[in-house]
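The structure under discussion appears below in the form of structure tokens.
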Amino acid sequence: MKRSVLGYFVLIFLLGSCAALKKGDKATDTFANYREDLDGTLITFPDLSEQAAKIEATQVGEEAVTVDQDLEFALDNFRERNRSERYWSGYTVLVYSGVDRDLAFKTRNDIYTDFETLKVEMQYQQPRYLVKVGRFINRIEAQAFYFQLKEQFPTARIIQDRFQREGYVNPEPIQDGER
């Protein structure tokens with residue numbers, strides 16, 4: 001009996017609370033004709049043609065300083081710093097790396113005969129021989145040659161490498177009496 005009475009009270013409470021939450025139509029009718037004027041708070045921007053006319057009027061008597069001069073100056077400085085660097089970093093295709101001298105020379109000769117346009121370089125770094133193809137700034141440039149070589153030389157891979165800059169001239173050493 002207690003449970004049924006308690007259940008009735010809970011049911012009456014829930015139905016009563018739902019009725020209190022029901023929205024009335026009076027509130028929507030009250031705000032149906034509401035308007036708010038925000039023109040005073042909105043940001044306004046001047047017309048672009050007016051701005052361009054103002055800029056042209058100020059530059060008529062003056063010589064305009066261009067960005068091109070600053071850019072040219074920065075590029076010249078960049079070139080000078082690069083000329084003073086002895087090495088540059090890039091990528092190459094490593095076709096052979098191993099200790100067998102005969103196989104290294106055979107690989108180099110095969111590349112010469114099958115790919116006449118490619119520049120092959122052979123290095124000896126004790127105790128191994130390296131057969132490399134090309135000098136590339138970007139890895140993407142090296143991939144074109146890599147895919148050509150990969151068919152005939154399955155062990156070929158692209159590696160990072162440092163190359164001596166062509167035309168690099170060592171700065172003159174300082175003599176003992178010049179300091």
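Chain identifiers are assigned as A, B, and so on, following the order in which chains appear in the structure tokens; residues are numbered from 1 within each chain, and ligands are numbered from 1 in order of appearance.
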
Would you list the contacts of A:Val133 as a VMD selection string, taking every protein, DNA or RNA residue within 7 Å and counting only C-alpha atoms, but skipping same-chain residues closer than 6 positions in sequence? chain A and resid 92 to 94 118 to 121

Selected residue, from A:Lys106, A:Lys132, A:Arg101, A:Arg86, that lies nearest to A:Leu149 when counting only C-alpha atoms: A:Lys132

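Counting only C-alpha atoms and comparing A:Glu72, A:Phe13, A:Gln164, A:Met122, the residue that lies closest to A:Asn109 is A:Met122.
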
Near A:Gly98, within 10 Å and counting only C-alpha atoms, which residues show up once chain neighbours fewer than 2 positions away are dropped, as a VMD selection string? chain A and resid 96 100 to 101 103 to 104 124 to 125 127 to 131

Put those residues in a file: N, CA and C atoms, as a short mmCIF file (atom, residue, chain, number, x, y, z; two decimals), in the first residue's frame.
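Produced file out33.cif, reproduced below:
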```
data_model
loop_
_atom_site.label_atom_id
_atom_site.label_comp_id
_atom_site.auth_asym_id
_atom_site.auth_seq_id
_atom_site.Cartn_x
_atom_site.Cartn_y
_atom_site.Cartn_z
N TYR A 96 75.42 1.59 -55.18
CA TYR A 96 76.15 0.47 -54.60
C TYR A 96 76.93 0.95 -53.39
N ASP A 100 83.38 -4.93 -51.97
CA ASP A 100 83.88 -5.61 -53.17
C ASP A 100 84.24 -4.58 -54.24
N ARG A 101 85.54 -4.41 -54.47
CA ARG A 101 86.03 -3.41 -55.42
C ARG A 101 85.59 -3.74 -56.85
N LEU A 103 83.00 -5.46 -57.89
CA LEU A 103 81.57 -5.24 -58.06
C LEU A 103 81.24 -3.74 -58.12
N ALA A 104 81.98 -2.93 -57.40
CA ALA A 104 81.78 -1.48 -57.46
C ALA A 104 82.11 -0.96 -58.85
N TYR A 124 85.68 6.05 -52.38
CA TYR A 124 86.18 5.00 -51.50
C TYR A 124 86.26 5.59 -50.10
N GLN A 125 85.44 5.09 -49.21
CA GLN A 125 85.51 5.46 -47.79
C GLN A 125 85.85 4.17 -47.06
N PRO A 127 86.20 1.09 -45.15
CA PRO A 127 86.60 -0.02 -46.02
C PRO A 127 85.63 -0.27 -47.15
N ARG A 128 84.79 0.69 -47.53
CA ARG A 128 83.76 0.40 -48.52
C ARG A 128 83.84 1.33 -49.72
N TYR A 129 83.26 0.84 -50.81
CA TYR A 129 83.16 1.61 -52.05
C TYR A 129 81.72 2.10 -52.18
N LEU A 130 81.56 3.32 -52.66
CA LEU A 130 80.24 3.91 -52.88
C LEU A 130 80.12 4.33 -54.33
N VAL A 131 79.04 3.93 -54.97
CA VAL A 131 78.75 4.37 -56.33
C VAL A 131 77.48 5.21 -56.25
#
```

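In this model, the gap between atom CA of A:Phe136 and atom CA of A:Glu166 comes to 13.5 Å.
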
Calculated over only C-alpha atoms, which of the candidates A:Arg35, A:Glu50, A:Ile111, A:Gln123 has the smallest distance to A:Lys150?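 Of A:Arg35, A:Glu50, A:Ile111, A:Gln123, the one nearest A:Lys150 is A:Ile111, counting only C-alpha atoms.
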
Record the distance separating atom CA of A:Leu42 and atom CA of A:Thr28, expressed in Å with one decimal.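 It comes out at 27.5 Å.
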
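These are the residues of stretch 53-104 of chain A assigned helix (DSSP H, G or I) by DSSP from backbone coordinates: Ala53, Lys54, Ile55, Glu56, Ala57, Thr58, Gln59, Val67, Asp68, Gln69, Asp70, Leu71, Glu72, Phe73, Ala74, Leu75, Asp76, Asn77, Phe78, Arg79, Glu80, Arg81, Asn82, Arg83, Ser84, Arg101, Asp102, Leu103 and Ala104 of chain A.
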
Store the residues picked out above, limited to N, CA and C atoms, as a CSV table (one decimal), in the first residue's frame.
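Everything below was put into result-v3.csv:
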```csv
chain,number,residue,atom,x,y,z
A,53,ALA,N,42.8,56.7,-53.5
A,53,ALA,CA,43.0,58.1,-53.9
A,53,ALA,C,43.8,58.8,-52.9
A,54,LYS,N,43.7,58.6,-51.6
A,54,LYS,CA,44.5,59.2,-50.6
A,54,LYS,C,45.9,58.8,-50.7
A,55,ILE,N,46.2,57.5,-51.0
A,55,ILE,CA,47.6,57.1,-51.1
A,55,ILE,C,48.3,57.7,-52.3
A,56,GLU,N,47.6,57.7,-53.4
A,56,GLU,CA,48.1,58.3,-54.6
A,56,GLU,C,48.4,59.8,-54.4
A,57,ALA,N,47.6,60.5,-53.7
A,57,ALA,CA,47.8,61.9,-53.5
A,57,ALA,C,49.0,62.2,-52.6
A,58,THR,N,49.3,61.3,-51.7
A,58,THR,CA,50.5,61.5,-50.8
A,58,THR,C,51.8,61.1,-51.6
A,59,GLN,N,51.7,60.2,-52.6
A,59,GLN,CA,52.9,59.8,-53.3
A,59,GLN,C,53.2,60.6,-54.5
A,67,VAL,N,59.8,47.7,-52.6
A,67,VAL,CA,60.2,46.6,-51.8
A,67,VAL,C,61.3,45.9,-52.6
A,68,ASP,N,61.3,46.1,-53.9
A,68,ASP,CA,62.2,45.4,-54.8
A,68,ASP,C,63.7,45.7,-54.4
A,69,GLN,N,64.0,46.9,-54.0
A,69,GLN,CA,65.3,47.3,-53.6
A,69,GLN,C,65.7,46.5,-52.4
A,70,ASP,N,64.8,46.4,-51.4
A,70,ASP,CA,65.2,45.6,-50.2
A,70,ASP,C,65.3,44.1,-50.5
A,71,LEU,N,64.5,43.6,-51.3
A,71,LEU,CA,64.5,42.2,-51.7
A,71,LEU,C,65.8,41.9,-52.4
A,72,GLU,N,66.2,42.8,-53.3
A,72,GLU,CA,67.5,42.6,-54.1
A,72,GLU,C,68.7,42.6,-53.1
A,73,PHE,N,68.7,43.5,-52.2
A,73,PHE,CA,69.7,43.6,-51.2
A,73,PHE,C,69.8,42.3,-50.3
A,74,ALA,N,68.6,41.8,-49.9
A,74,ALA,CA,68.6,40.6,-49.1
A,74,ALA,C,69.1,39.4,-49.9
A,75,LEU,N,68.7,39.3,-51.2
A,75,LEU,CA,69.2,38.2,-52.1
A,75,LEU,C,70.7,38.3,-52.3
A,76,ASP,N,71.2,39.5,-52.5
A,76,ASP,CA,72.7,39.6,-52.7
A,76,ASP,C,73.4,39.1,-51.4
A,77,ASN,N,72.9,39.5,-50.3
A,77,ASN,CA,73.6,39.0,-49.0
A,77,ASN,C,73.5,37.5,-48.9
A,78,PHE,N,72.4,36.9,-49.3
A,78,PHE,CA,72.2,35.5,-49.3
A,78,PHE,C,73.1,34.8,-50.2
A,79,ARG,N,73.3,35.3,-51.4
A,79,ARG,CA,74.2,34.8,-52.4
A,79,ARG,C,75.7,34.8,-51.9
A,80,GLU,N,76.0,35.9,-51.3
A,80,GLU,CA,77.4,36.1,-50.8
A,80,GLU,C,77.7,35.1,-49.6
A,81,ARG,N,76.7,34.9,-48.7
A,81,ARG,CA,76.9,33.9,-47.7
A,81,ARG,C,77.0,32.5,-48.2
A,82,ASN,N,76.2,32.2,-49.3
A,82,ASN,CA,76.3,30.9,-49.9
A,82,ASN,C,77.6,30.7,-50.6
A,83,ARG,N,78.2,31.7,-51.2
A,83,ARG,CA,79.5,31.5,-51.9
A,83,ARG,C,80.6,31.2,-50.9
A,84,SER,N,80.5,31.7,-49.7
A,84,SER,CA,81.5,31.5,-48.7
A,84,SER,C,81.4,30.1,-48.1
A,101,ARG,N,85.5,-4.4,-54.5
A,101,ARG,CA,86.0,-3.4,-55.4
A,101,ARG,C,85.6,-3.7,-56.8
A,102,ASP,N,85.7,-5.0,-57.2
A,102,ASP,CA,85.3,-5.4,-58.6
A,102,ASP,C,83.8,-5.1,-58.9
A,103,LEU,N,83.0,-5.5,-57.9
A,103,LEU,CA,81.6,-5.2,-58.1
A,103,LEU,C,81.2,-3.7,-58.1
A,104,ALA,N,82.0,-2.9,-57.4
A,104,ALA,CA,81.8,-1.5,-57.5
A,104,ALA,C,82.1,-1.0,-58.9
```

Looking at only C-alpha atoms, which of A:Phe105, A:Tyr112, A:Tyr34, A:Tyr91 is the one that sits closest to A:Gln143? A:Tyr91
